[in-house]
$ cat work_22.txt   # compact mmCIF, C-alpha atoms
# COMPACT_ATOMS: atom_id res chain seq x y z
CA MET A 1 -58.88 22.92 18.91
CA SER A 2 -55.41 21.66 18.16
CA GLY A 3 -55.48 18.26 16.62
CA PRO A 4 -53.12 15.41 17.42
CA PRO A 5 -49.54 16.07 16.31
CA GLN A 6 -48.86 15.16 12.76
CA VAL A 7 -47.19 11.80 12.49
CA PRO A 8 -45.09 11.41 9.36
CA PRO A 9 -46.71 8.82 7.15
CA LYS A 10 -45.09 5.44 7.43
CA GLU A 11 -43.78 4.11 4.19
CA ALA A 12 -43.55 0.43 3.76
CA ASN A 13 -40.42 0.56 1.61
CA HIS A 14 -38.22 2.20 4.27
CA ALA A 15 -36.95 0.20 7.17
CA PRO A 16 -35.05 1.72 10.07
CA ILE A 17 -31.43 0.64 10.32
CA PRO A 18 -30.92 -1.27 13.53
CA GLN A 19 -28.39 0.27 15.90
CA ALA A 20 -25.02 -1.39 15.99
CA LYS A 21 -24.71 -3.71 18.92
CA PRO A 22 -21.92 -2.87 21.33
CA PHE A 23 -18.93 -5.16 20.99
CA VAL A 24 -19.16 -8.05 23.41
CA SER A 25 -16.10 -10.18 23.74
CA SER A 26 -16.76 -13.86 23.44
CA LEU A 27 -13.49 -14.57 25.19
CA ARG A 28 -13.90 -17.19 27.87
CA TYR A 29 -11.67 -17.28 30.87
CA PRO A 30 -10.48 -20.53 32.38
CA SER A 31 -12.14 -21.38 35.69
CA SER A 32 -8.95 -20.51 37.56
CA ARG A 33 -9.19 -16.98 36.00
CA LYS A 34 -5.64 -17.51 34.77
CA THR A 35 -5.13 -16.67 31.11
CA ILE A 36 -1.99 -17.52 29.18
CA TYR A 37 -0.82 -14.00 29.99
CA ASP A 38 -0.72 -14.84 33.68
CA ARG A 39 1.54 -17.82 33.26
CA ASN A 40 5.29 -17.84 33.58
CA LEU A 41 7.21 -18.49 30.37
CA ASN A 42 10.33 -19.69 32.14
CA ARG A 43 8.66 -22.42 34.14
CA THR A 44 9.47 -25.02 31.47
CA LYS A 45 13.02 -23.80 30.93
CA THR A 46 14.72 -26.46 33.00
CA THR A 47 12.08 -29.13 33.30
CA GLU A 48 12.27 -31.91 30.76
CA ILE A 49 9.34 -33.64 29.18
CA SER A 50 9.27 -37.40 29.24
CA LEU A 51 10.92 -39.06 26.29
CA ALA A 52 8.20 -41.71 26.28
CA SER A 53 5.35 -39.26 25.78
CA PHE A 54 7.29 -37.33 23.17
CA SER A 55 8.03 -40.53 21.26
CA TYR A 56 4.39 -41.55 21.41
CA LEU A 57 3.27 -38.19 19.99
CA PHE A 58 5.98 -38.21 17.36
CA ASN A 59 4.98 -41.73 16.38
CA SER A 60 1.36 -40.62 15.92
CA LEU A 61 2.53 -37.71 13.82
CA ILE A 62 4.53 -39.96 11.51
CA THR A 63 1.72 -42.53 11.25
CA TYR A 64 -0.69 -39.77 10.29
CA HIS A 65 1.53 -38.27 7.62
CA HIS A 66 2.58 -41.68 6.34
CA ALA A 67 -1.06 -42.61 5.78
CA LYS A 68 -1.67 -39.37 3.89
CA SER A 69 1.44 -39.39 1.71
CA GLY A 70 2.26 -41.22 -1.47
CA SER A 71 6.03 -41.02 -1.35
CA VAL A 72 9.02 -40.79 0.96
CA SER A 73 9.72 -37.21 -0.01
CA GLU A 74 6.12 -36.24 0.69
CA ILE A 75 6.35 -37.63 4.23
CA GLU A 76 9.52 -35.62 4.76
CA THR A 77 7.92 -32.45 3.39
CA ARG A 78 4.91 -32.91 5.64
CA LEU A 79 7.10 -33.46 8.73
CA ASN A 80 9.08 -30.39 7.75
CA ARG A 81 5.92 -28.27 7.45
CA ALA A 82 4.61 -29.55 10.78
CA ALA A 83 7.75 -28.35 12.57
CA TYR A 84 8.19 -25.05 10.73
CA PRO A 85 6.05 -22.94 13.13
CA ILE A 86 7.97 -24.39 16.08
CA GLY A 87 11.18 -22.91 14.70
CA ILE A 88 9.63 -19.46 14.33
CA LYS A 89 8.44 -19.48 17.92
CA MET A 90 11.61 -21.02 19.35
CA LEU A 91 13.71 -18.14 18.04
CA ASP A 92 11.75 -15.56 19.98
CA LEU A 93 11.44 -17.76 23.05
CA LEU A 94 15.19 -18.33 23.23
CA LEU A 95 15.89 -14.62 22.78
CA TYR A 96 13.38 -13.81 25.48
CA ARG A 97 15.12 -16.18 27.86
CA GLN A 98 18.46 -14.46 27.46
CA PRO A 99 19.09 -11.59 29.85
CA SER A 100 17.37 -8.59 28.29
CA ARG A 101 20.51 -6.41 28.28
CA THR A 102 22.60 -8.87 26.32
CA ALA A 103 19.96 -10.57 24.16
CA ALA A 104 21.30 -10.50 20.61
CA ARG A 105 19.41 -11.13 17.42
CA PRO A 106 21.45 -13.23 14.99
CA THR A 107 22.26 -10.80 12.18
CA ARG A 108 25.06 -12.73 10.45
CA MET A 109 24.91 -16.17 8.92
CA LEU A 110 27.55 -17.52 11.27
CA ASP A 111 25.78 -16.09 14.33
CA LEU A 112 22.58 -17.78 13.27
CA LEU A 113 24.29 -21.11 12.60
CA GLN A 114 26.00 -21.04 15.97
CA PHE A 115 22.73 -20.07 17.60
CA ILE A 116 21.08 -23.14 16.07
CA HIS A 117 24.04 -25.42 16.70
CA GLY A 118 24.39 -24.32 20.32
CA THR A 119 21.44 -22.50 21.86
CA LEU A 120 18.63 -24.23 19.99
CA TRP A 121 20.13 -27.68 20.32
CA ARG A 122 20.74 -27.20 24.03
CA ALA A 123 17.15 -26.05 24.54
CA LEU A 124 15.71 -28.97 22.60
CA PHE A 125 18.11 -31.83 23.36
CA ASN A 126 20.22 -30.58 26.26
CA ARG A 127 23.51 -30.75 24.31
CA SER A 128 24.90 -28.94 21.31
CA ALA A 129 24.92 -30.50 17.87
CA SER A 130 27.90 -32.66 16.95
CA ALA A 131 29.39 -30.47 14.23
CA LEU A 132 28.89 -27.43 12.06
CA GLU A 133 30.45 -27.40 8.59
CA GLN A 134 30.50 -25.26 5.51
CA SER A 135 30.40 -26.69 2.02
CA ASN A 136 33.74 -26.43 0.20
CA THR A 137 32.18 -25.79 -3.16
CA LYS A 138 29.10 -23.69 -2.47
CA LYS A 139 29.08 -20.52 -0.43
CA ASN A 140 25.43 -20.82 0.51
CA GLU A 141 25.48 -24.38 1.85
CA TYR A 142 26.07 -25.27 5.47
CA MET A 143 25.74 -28.52 7.34
CA ILE A 144 24.77 -29.19 10.92
CA ILE A 145 25.60 -32.72 11.95
CA ASP A 146 23.97 -34.70 14.70
CA ASN A 147 25.46 -38.11 15.47
CA GLU A 148 22.35 -39.45 17.10
CA PRO A 149 19.18 -37.39 16.59
CA LEU A 150 16.89 -37.77 19.56
CA VAL A 151 13.76 -37.96 17.43
CA ASN A 152 15.07 -41.08 15.68
CA THR A 153 15.71 -42.99 18.92
CA PHE A 154 12.76 -45.34 18.59
CA ILE A 155 12.27 -45.27 14.86
CA SER A 156 13.13 -48.16 12.61
CA ILE A 157 12.83 -47.60 8.90
CA PRO A 158 11.48 -50.38 6.68
CA LYS A 159 13.83 -51.45 3.87
CA GLU A 160 11.69 -50.13 1.03
CA MET A 161 11.77 -46.64 2.57
CA SER A 162 15.41 -46.58 3.57
CA GLN A 163 15.80 -43.00 2.34
CA LEU A 164 13.29 -41.67 4.85
CA ASN A 165 14.81 -39.73 7.72
CA CYS A 166 12.28 -38.60 10.30
CA ALA A 167 14.72 -35.96 11.48
CA ALA A 168 13.08 -33.97 8.68
CA PHE A 169 11.05 -32.73 11.62
CA ILE A 170 14.16 -31.10 13.10
CA ALA A 171 15.04 -29.77 9.66
CA GLY A 172 11.65 -28.04 9.67
CA ILE A 173 12.43 -26.40 13.01
CA ILE A 174 15.75 -25.14 11.61
CA GLU A 175 14.06 -23.82 8.48
CA GLY A 176 11.44 -21.97 10.51
CA MET A 177 14.12 -20.37 12.64
CA CYS A 178 16.19 -19.26 9.64
CA ASP A 179 13.15 -17.75 7.99
CA ALA A 180 12.03 -15.94 11.12
CA ALA A 181 15.49 -14.42 11.56
CA GLY A 182 15.37 -13.09 8.00
CA PHE A 183 17.66 -15.67 6.41
CA SER A 184 15.41 -17.35 3.90
CA THR A 185 16.48 -20.73 2.62
CA ASP A 186 15.84 -22.94 -0.36
CA GLY A 187 14.93 -25.60 2.15
CA VAL A 188 16.60 -27.45 4.99
CA THR A 189 16.78 -31.21 4.54
CA ALA A 190 17.86 -34.16 6.66
CA HIS A 191 20.09 -36.88 5.18
CA TRP A 192 21.48 -40.13 6.52
CA ALA A 193 25.25 -40.11 6.80
CA GLY A 194 25.89 -43.04 9.09
CA GLU A 195 26.23 -45.82 6.56
CA GLY A 196 29.34 -47.81 7.34
CA ASP A 197 29.94 -45.73 10.44
CA GLU A 198 30.25 -48.23 13.27
CA MET A 199 30.23 -45.70 16.03
CA TRP A 200 27.27 -43.58 14.87
CA PRO A 201 25.00 -45.52 12.52
CA GLY A 202 22.23 -42.94 12.98
CA LYS A 203 24.40 -39.95 12.01
CA THR A 204 22.32 -37.32 10.26
CA ILE A 205 23.32 -34.27 8.25
CA PHE A 206 21.05 -31.25 8.13
CA LEU A 207 21.77 -29.41 4.91
CA LEU A 208 20.93 -25.69 4.93
CA ARG A 209 20.84 -23.96 1.57
CA PHE A 210 20.51 -20.20 1.97
CA LYS A 211 19.05 -18.11 -0.82
CA ASP A 212 21.51 -16.15 -2.96
CA SER A 213 19.96 -12.88 -1.79
CA VAL A 214 20.96 -13.74 1.79
CA VAL A 215 24.58 -14.38 0.74
CA GLU A 216 24.64 -11.11 -1.19
CA ARG A 217 23.31 -9.16 1.76
CA GLU A 218 25.92 -10.78 4.00
CA GLU A 219 28.70 -9.69 1.67
CA ALA A 220 27.28 -6.19 1.37
CA ILE A 221 27.27 -5.84 5.16
CA LYS A 222 30.84 -7.11 5.35
CA ALA A 223 31.94 -4.70 2.64
CA GLY A 224 30.24 -1.89 4.52
CA GLY A 225 32.47 -2.55 7.50
CA GLY A 226 29.64 -3.86 9.67
CA MET B 1 1.67 14.21 25.64
CA SER B 2 0.23 11.40 23.59
CA TYR B 3 1.42 8.06 22.35
CA TYR B 4 0.49 5.82 19.47
CA PHE B 5 1.71 2.23 19.75
CA THR B 6 1.49 -0.33 17.00
CA ILE B 7 2.83 -3.80 16.25
CA ILE B 8 3.87 -4.45 12.67
CA GLY B 9 4.19 -7.97 11.26
CA THR B 10 6.85 -9.40 8.97
CA ARG B 11 5.08 -8.23 5.83
CA ASP B 12 4.68 -4.67 7.10
CA ASN B 13 1.11 -5.46 8.08
CA PRO B 14 -0.33 -4.00 11.28
CA LEU B 15 -1.20 -6.55 13.95
CA PHE B 16 -2.18 -4.36 16.86
CA GLU B 17 -2.80 -0.65 17.54
CA LEU B 18 -3.31 1.40 20.68
CA ASP B 19 -3.50 5.13 21.49
CA PHE B 20 -2.79 6.34 24.96
CA GLY B 21 -1.61 9.37 26.87
CA THR B 22 0.89 9.76 29.62
CA SER B 23 0.05 8.76 33.16
CA LYS B 24 3.02 10.60 34.65
CA VAL B 25 2.88 14.12 36.11
CA GLY B 26 -0.87 14.06 36.55
CA GLY B 27 -1.73 12.79 33.06
CA ASP B 28 -5.00 10.95 32.69
CA GLY B 29 -3.73 8.32 30.25
CA ILE B 30 -5.91 9.52 27.38
CA ALA B 31 -4.46 10.32 23.97
CA ARG B 32 -5.07 13.86 22.72
CA PHE B 33 -4.42 13.37 19.04
CA ARG B 34 -6.44 15.58 16.72
CA GLU B 35 -8.65 14.01 14.12
CA GLU B 36 -6.15 14.42 11.27
CA ALA B 37 -3.40 12.88 13.39
CA LYS B 38 -5.18 9.54 13.51
CA HIS B 39 -4.23 8.65 9.98
CA MET B 40 -1.04 10.71 9.95
CA ASN B 41 0.26 8.60 12.82
CA GLN B 42 -0.14 5.44 10.79
CA PHE B 43 1.51 7.15 7.87
CA ILE B 44 4.49 8.41 9.87
CA VAL B 45 5.04 5.03 11.49
CA HIS B 46 4.84 3.32 8.13
CA ALA B 47 7.46 5.67 6.73
CA ALA B 48 9.73 4.82 9.67
CA LEU B 49 9.70 1.14 8.72
CA ASP B 50 12.29 1.87 6.02
CA LEU B 51 14.67 3.13 8.67
CA VAL B 52 14.07 0.04 10.77
CA GLU B 53 15.08 -2.09 7.83
CA GLU B 54 18.31 -0.13 7.49
CA THR B 55 19.12 -0.28 11.17
CA GLN B 56 18.22 -3.89 11.85
CA TRP B 57 21.37 -5.37 10.30
CA SER B 58 23.77 -3.02 11.97
CA THR B 59 22.87 -3.80 15.57
CA LYS B 60 22.19 -6.99 17.44
CA ASP B 61 20.06 -5.35 20.08
CA LEU B 62 16.36 -5.98 20.18
CA TYR B 63 15.65 -2.40 21.19
CA LEU B 64 16.63 -0.08 18.35
CA LYS B 65 16.08 3.19 20.29
CA LYS B 66 14.76 6.31 18.60
CA ILE B 67 14.90 5.79 14.87
CA ASP B 68 12.90 8.60 13.31
CA SER B 69 11.14 11.88 13.96
CA PHE B 70 8.76 14.01 11.96
CA GLN B 71 7.15 17.31 12.97
CA ASN B 72 7.52 16.81 16.68
CA ASN B 73 6.60 13.11 16.48
CA HIS B 74 9.30 10.75 17.67
CA ILE B 75 9.40 7.07 16.90
CA HIS B 76 11.09 4.41 18.99
CA THR B 77 11.31 0.84 17.80
CA PHE B 78 11.78 -2.60 19.24
CA LEU B 79 12.47 -5.52 16.93
CA THR B 80 11.74 -9.09 17.97
CA GLY B 81 13.76 -12.06 16.78
CA GLY B 82 10.95 -13.02 14.43
CA ASN B 83 11.17 -9.65 12.65
CA VAL B 84 8.04 -8.19 14.26
CA LYS B 85 8.32 -4.47 15.01
CA PHE B 86 6.92 -2.68 18.03
CA MET B 87 6.64 0.99 17.03
CA LEU B 88 5.98 3.70 19.59
CA LEU B 89 5.22 7.20 18.36
CA MET B 90 5.31 9.96 20.95
CA ASN B 91 4.19 13.54 20.60
CA PRO B 92 4.64 16.02 23.45
CA ASP B 93 1.90 18.38 22.25
CA PRO B 94 -0.36 16.98 19.54
CA SER B 95 -2.64 20.01 19.42
CA SER B 96 0.10 22.29 18.13
CA THR B 97 1.64 19.86 15.66
CA SER B 98 1.17 20.78 12.06
CA TYR B 99 1.16 17.97 9.54
CA SER B 100 1.66 20.14 6.49
CA ALA B 101 4.54 18.64 4.56
CA TYR B 102 5.73 22.06 3.37
CA GLN B 103 6.13 23.70 6.70
CA THR B 104 9.75 24.60 7.17
CA SER B 105 9.68 26.91 10.14
CA PRO B 106 9.07 25.47 13.56
CA PRO B 107 5.57 25.90 14.96
CA PRO B 108 5.03 29.01 17.08
CA SER B 109 6.76 28.49 20.34
CA ARG B 110 4.53 28.20 23.34
CA PRO B 111 5.50 29.35 26.77
CA SER B 112 7.18 26.32 28.16
CA THR B 113 6.71 25.57 31.79
CA ALA B 114 8.80 23.52 34.10
CA ARG B 115 6.17 20.85 34.01
CA THR B 116 6.31 20.18 30.29
CA ASN B 117 10.08 19.86 30.48
CA THR B 118 9.79 16.85 32.69
CA LEU B 119 7.75 15.05 30.05
CA LEU B 120 9.58 12.20 28.37
CA ALA B 121 8.75 13.30 24.85
CA SER B 122 10.28 16.74 25.38
CA ASN B 123 13.66 15.01 25.35
CA PRO B 124 13.07 12.03 23.08
CA GLY B 125 16.73 11.11 22.86
CA SER B 126 17.57 11.48 26.52
CA GLN B 127 18.80 8.62 28.64
CA GLN B 128 15.72 8.79 30.82
CA THR B 129 13.31 8.50 27.89
CA GLU B 130 15.21 5.68 26.25
CA GLU B 131 15.27 3.79 29.53
CA ALA B 132 11.51 4.22 30.10
CA VAL B 133 10.70 3.16 26.55
CA ARG B 134 13.06 0.20 26.80
CA GLN B 135 11.33 -1.04 29.93
CA PHE B 136 7.94 -0.52 28.33
CA MET B 137 9.03 -2.46 25.25
CA PHE B 138 10.39 -5.39 27.22
CA GLU B 139 7.19 -5.61 29.20
CA VAL B 140 5.18 -5.69 25.98
CA TYR B 141 7.64 -8.27 24.62
CA GLU B 142 6.80 -10.56 27.50
CA ALA B 143 3.07 -10.31 26.77
CA TRP B 144 3.83 -10.73 23.06
CA MET B 145 5.82 -13.91 23.73
CA LYS B 146 2.95 -15.36 25.69
CA CYS B 147 0.64 -14.48 22.85
CA ILE B 148 2.70 -16.07 20.08
CA MET B 149 3.51 -19.18 22.09
CA ASN B 150 -0.16 -20.03 21.78
CA PRO B 151 -0.13 -23.02 19.42
CA PHE B 152 -3.16 -21.61 17.60
CA TYR B 153 -1.41 -18.35 16.82
CA GLN B 154 0.10 -18.16 13.36
CA VAL B 155 2.63 -15.66 12.08
CA ASN B 156 1.15 -12.30 11.06
CA GLN B 157 -2.24 -12.89 12.63
CA PRO B 158 -3.69 -9.72 14.15
CA VAL B 159 -3.89 -9.80 17.94
CA THR B 160 -7.39 -9.15 19.20
CA SER B 161 -7.14 -10.41 22.77
CA PRO B 162 -8.52 -7.85 25.25
CA VAL B 163 -6.18 -9.32 27.85
CA PHE B 164 -3.19 -8.46 25.65
CA ARG B 165 -4.55 -4.93 25.11
CA ASN B 166 -4.92 -4.59 28.84
CA ARG B 167 -1.33 -5.73 29.40
CA VAL B 168 0.01 -3.13 26.99
CA GLY B 169 -2.11 -0.48 28.68
CA MET B 170 -0.73 -1.46 32.07
CA ALA B 171 2.86 -1.31 30.84
CA ALA B 172 2.16 2.13 29.39
CA LYS B 173 0.75 3.34 32.67
CA LYS B 174 3.76 2.02 34.54
CA TYR B 175 6.57 3.46 32.43
CA LEU B 176 5.20 6.21 30.18
$ encode --input "work_22.txt" --output "structure tokens"
Amino acid sequence: MSGPPQVPPKEANHAPIPQAKPFVSSLRYPSSRKTIYDRNLNRTKTTEISLASFSYLFNSLITYHHAKSGSVSEIETRLNRAAYPIGIKMLDLLLYRQPSRTAARPTRMLDLLQFIHGTLWRALFNRSASALEQSNTKKNEYMIIDNEPLVNTFISIPKEMSQLNCAAFIAGIIEGMCDAAGFSTDGVTAHWAGEGDEMWPGKTIFLLRFKDSVVEREEAIKAGGG
Amino acid sequence: MSYYFTIIGTRDNPLFELDFGTSKVGGDGIARFREEAKHMNQFIVHAALDLVEETQWSTKDLYLKKIDSFQNNHIHTFLTGGNVKFMLLMNPDPSSTSYSAYQTSPPPSRPSTARTNTLLASNPGSQQTEEAVRQFMFEVYEAWMKCIMNPFYQVNQPVTSPVFRNRVGMAAKKYL
């Protein structure tokens, strides 16, 4: 005479919590089943990209930023920002490509400047920069000089914008690299220096202004015998 | 023998975490950390970041070797050019590690066998351990490079790719 088992009364104001769904990755694999992790990072080390396609892309970049900007300095800032992440990534890529036993992080200002002047320039333009100079008056200012920046090869500047130097893009790469290495700057800028220079009319100076804190740290390390 | 591996970004923010055990001498590759160790590991690694900051200007190497230890946990660090830290914490016997900050005497010694002595973490400073960790770190560095070269990756973004996780796991299996 046992009745049906007692079912707890259902209450309308309680709803069961749905069980959490197991995590399903939405990652899609390319049809070749090769992800970026399967590719070789050194494949592009020696191969060069075509100057024509680079110039075309760079031209589109400038056109885009020109259309969006109101002033010469804004175009330069935008070009600088566009290149900044490249600098961050280039630092690690170039370190990775050195033999792992001798790979050396730049830990001094001079190391970093020589790394940019030599290693970075060789990786980007297949030659080192033309000169590396320190300001006579300010301890935190350095100049990297390129007589003929590759990015400016096919660029002609209209008269009313004569201050514009599209090598601001390279300045952005330098700034990104300095920041990534722990040497923060008050900005890296590109300036024309070829006026009246018959040999190198396109000469460009990249001015690096390191923050005072970086200079102080440098001196502290030197004082500590490092 | 258990490991806790984490990648720390430039603002001391974690980007990636992984627990694993040893795969050498018959290990099954599963971490044996106790429940309380899960957060203590993060804490210990975070404390070690100060030592990384001290060391990073005195050496040019990417691999900074063993930089800290706390209650039988040993921390090895690798620093990338972009100031991202790979931190590896190793603990030879997590079940007998006490995390009490006031403990001054060493934990009760357990009968050591020949087998435990061959474990890497029993000699955290030895040449053999440093070499294994170095190779592990450089293998992770390669996967890391491939990850950050992705044009859509921005600095200090956490890494969620299961392929990357898999790569780290494989490197761990190979060297640790």
$ atom_distance --input "work_22.txt" --atom1 "CA of Asp68 in chain B" --atom2 "CA of Leu49 in chain B"
9.3 Å
$ atom_distance --input "work_22.txt" --atom1 "CA of Lys85 in chain B" --atom2 "CA of Asp12 in chain B"
8.7 Å
$ residues_around --input "work_22.txt" --residues "Leu51 in chain B" --least-positions-apart "3" --cutoff "8 Å" --atoms "all atoms listed in the file" --output "PDB file with C-alpha atoms, in the coordinates of the input"
ATOM      1  CA  ALA B  47       7.460   5.670   6.730  1.00  0.00           C
ATOM      2  CA  ALA B  48       9.730   4.820   9.670  1.00  0.00           C
ATOM      3  CA  GLU B  54      18.310  -0.130   7.490  1.00  0.00           C
ATOM      4  CA  THR B  55      19.120  -0.280  11.170  1.00  0.00           C
ATOM      5  CA  ILE B  67      14.900   5.790  14.870  1.00  0.00           C
ATOM      6  CA  ASP B  68      12.900   8.600  13.310  1.00  0.00           C
TER       7      ASP B  68
END
$ residues_around --input "work_22.txt" --residues "range 167-182 of chain A" --least-positions-apart "2" --cutoff "9 Å" --atoms "all atoms listed in the file" --output "ChimeraX atom specification"
/A:75-92,105-107,112-113,116,120,149-152,164-165,184-185,187-191,204,206-208,210,214 /B:10,81-83
$ closest_atom_pairs --input "work_22.txt" --of "chain B" --to "chain A" --cutoff "9 Å" --atoms "all atoms listed in the file" --output "JSON lines"
{"residue": "B:Thr10", "atom": "CA", "partner": "A:Ala180", "partner_atom": "CA", "distance": 8.6}
{"residue": "B:Gln56", "atom": "CA", "partner": "A:Thr107", "partner_atom": "CA", "distance": 8.0}
{"residue": "B:Trp57", "atom": "CA", "partner": "A:Thr107", "partner_atom": "CA", "distance": 5.8}
{"residue": "B:Ser58", "atom": "CA", "partner": "A:Gly226", "partner_atom": "CA", "distance": 6.4}
{"residue": "B:Thr59", "atom": "CA", "partner": "A:Thr107", "partner_atom": "CA", "distance": 7.8}
{"residue": "B:Lys60", "atom": "CA", "partner": "A:Ala104", "partner_atom": "CA", "distance": 4.8}
{"residue": "B:Asp61", "atom": "CA", "partner": "A:Ala104", "partner_atom": "CA", "distance": 5.3}
{"residue": "B:Leu62", "atom": "CA", "partner": "A:Arg105", "partner_atom": "CA", "distance": 6.6}
{"residue": "B:Leu79", "atom": "CA", "partner": "A:Arg105", "partner_atom": "CA", "distance": 8.9}
{"residue": "B:Thr80", "atom": "CA", "partner": "A:Asp92", "partner_atom": "CA", "distance": 6.8}
{"residue": "B:Gly81", "atom": "CA", "partner": "A:Asp92", "partner_atom": "CA", "distance": 5.2}
{"residue": "B:Gly82", "atom": "CA", "partner": "A:Ala180", "partner_atom": "CA", "distance": 4.5}
{"residue": "B:Asn83", "atom": "CA", "partner": "A:Ala181", "partner_atom": "CA", "distance": 6.5}
{"residue": "B:Phe138", "atom": "CA", "partner": "A:Ser100", "partner_atom": "CA", "distance": 7.8}
{"residue": "B:Tyr141", "atom": "CA", "partner": "A:Tyr96", "partner_atom": "CA", "distance": 8.0}
{"residue": "B:Glu142", "atom": "CA", "partner": "A:Tyr96", "partner_atom": "CA", "distance": 7.6}
{"residue": "B:Ala143", "atom": "CA", "partner": "A:Tyr37", "partner_atom": "CA", "distance": 6.3}
{"residue": "B:Trp144", "atom": "CA", "partner": "A:Tyr37", "partner_atom": "CA", "distance": 9.0}
{"residue": "B:Met145", "atom": "CA", "partner": "A:Leu93", "partner_atom": "CA", "distance": 6.8}
{"residue": "B:Lys146", "atom": "CA", "partner": "A:Tyr37", "partner_atom": "CA", "distance": 5.9}
{"residue": "B:Cys147", "atom": "CA", "partner": "A:Tyr37", "partner_atom": "CA", "distance": 7.3}
{"residue": "B:Ile148", "atom": "CA", "partner": "A:Lys89", "partner_atom": "CA", "distance": 7.0}
{"residue": "B:Met149", "atom": "CA", "partner": "A:Lys89", "partner_atom": "CA", "distance": 6.5}
{"residue": "B:Asn150", "atom": "CA", "partner": "A:Ile36", "partner_atom": "CA", "distance": 8.0}
{"residue": "B:Pro151", "atom": "CA", "partner": "A:Pro85", "partner_atom": "CA", "distance": 8.8}
{"residue": "B:Gln154", "atom": "CA", "partner": "A:Pro85", "partner_atom": "CA", "distance": 7.6}
{"residue": "B:Val155", "atom": "CA", "partner": "A:Pro85", "partner_atom": "CA", "distance": 8.1}
{"residue": "B:Ser161", "atom": "CA", "partner": "A:Leu27", "partner_atom": "CA", "distance": 8.0}
{"residue": "B:Pro162", "atom": "CA", "partner": "A:Ser25", "partner_atom": "CA", "distance": 8.1}
{"residue": "B:Val163", "atom": "CA", "partner": "A:Tyr37", "partner_atom": "CA", "distance": 7.4}
{"residue": "B:Phe164", "atom": "CA", "partner": "A:Tyr37", "partner_atom": "CA", "distance": 7.4}
{"residue": "B:Arg167", "atom": "CA", "partner": "A:Tyr37", "partner_atom": "CA", "distance": 8.3}
$ write_last_selection --input "work_22.txt" --atoms "C-alpha atoms" --output "JSON list (two decimals), in the coordinates of the input"
[["chain", "number", "residue", "atom", "x", "y", "z"],
["B", 10, "THR", "CA", 6.85, -9.40, 8.97],
["B", 56, "GLN", "CA", 18.22, -3.89, 11.85],
["B", 57, "TRP", "CA", 21.37, -5.37, 10.30],
["B", 58, "SER", "CA", 23.77, -3.02, 11.97],
["B", 59, "THR", "CA", 22.87, -3.80, 15.57],
["B", 60, "LYS", "CA", 22.19, -6.99, 17.44],
["B", 61, "ASP", "CA", 20.06, -5.35, 20.08],
["B", 62, "LEU", "CA", 16.36, -5.98, 20.18],
["B", 79, "LEU", "CA", 12.47, -5.52, 16.93],
["B", 80, "THR", "CA", 11.74, -9.09, 17.97],
["B", 81, "GLY", "CA", 13.76, -12.06, 16.78],
["B", 82, "GLY", "CA", 10.95, -13.02, 14.43],
["B", 83, "ASN", "CA", 11.17, -9.65, 12.65],
["B", 138, "PHE", "CA", 10.39, -5.39, 27.22],
["B", 141, "TYR", "CA", 7.64, -8.27, 24.62],
["B", 142, "GLU", "CA", 6.80, -10.56, 27.50],
["B", 143, "ALA", "CA", 3.07, -10.31, 26.77],
["B", 144, "TRP", "CA", 3.83, -10.73, 23.06],
["B", 145, "MET", "CA", 5.82, -13.91, 23.73],
["B", 146, "LYS", "CA", 2.95, -15.36, 25.69],
["B", 147, "CYS", "CA", 0.64, -14.48, 22.85],
["B", 148, "ILE", "CA", 2.70, -16.07, 20.08],
["B", 149, "MET", "CA", 3.51, -19.18, 22.09],
["B", 150, "ASN", "CA", -0.16, -20.03, 21.78],
["B", 151, "PRO", "CA", -0.13, -23.02, 19.42],
["B", 154, "GLN", "CA", 0.10, -18.16, 13.36],
["B", 155, "VAL", "CA", 2.63, -15.66, 12.08],
["B", 161, "SER", "CA", -7.14, -10.41, 22.77],
["B", 162, "PRO", "CA", -8.52, -7.85, 25.25],
["B", 163, "VAL", "CA", -6.18, -9.32, 27.85],
["B", 164, "PHE", "CA", -3.19, -8.46, 25.65],
["B", 167, "ARG", "CA", -1.33, -5.73, 29.40]]
$ residues_around --input "work_22.txt" --residues "Leu15 in chain B" --least-positions-apart "5" --cutoff "9 Å" --atoms "only C-alpha atoms" --output "PyMOL selection string"
chain B and resi 6-9+156-160
$ atom_distance --input "work_22.txt" --atom1 "CA of Arg209 in chain A" --atom2 "CA of Asp186 in chain A"
5.5 Å
$ closest_residue --input "work_22.txt" --among "B:Ala172, B:Val84, B:Ala132, B:Val140" --to "Tyr4 in chain B" --atoms "all atoms listed in the file"
B:Ala172
$ residues_around --input "work_22.txt" --residues "Glu36 in chain B" --least-positions-apart "3" --cutoff "12 Å" --atoms "all atoms listed in the file" --output "count of residues only"
13
$ residues_around --input "work_22.txt" --residues "Ser128 in chain A" --least-positions-apart "5" --cutoff "9 Å" --atoms "all atoms listed in the file" --output "PyMOL selection string"
chain A and resi 116-123+146
$ closest_residue --input "work_22.txt" --among "B:Leu88, B:Met1, B:Phe136, B:Ile44" --to "Gly29 in chain B" --atoms "all atoms listed in the file"
B:Met1
$ closest_residue --input "work_22.txt" --among "B:Arg165, B:His46, B:His76, B:Lys66" --to "Tyr3 in chain B" --atoms "all atoms listed in the file"
B:His76
$ closest_residue --input "work_22.txt" --among "B:Lys65, B:His74, B:Lys38, B:Lys174" --to "Arg134 in chain B" --atoms "all atoms listed in the file"
B:Lys65
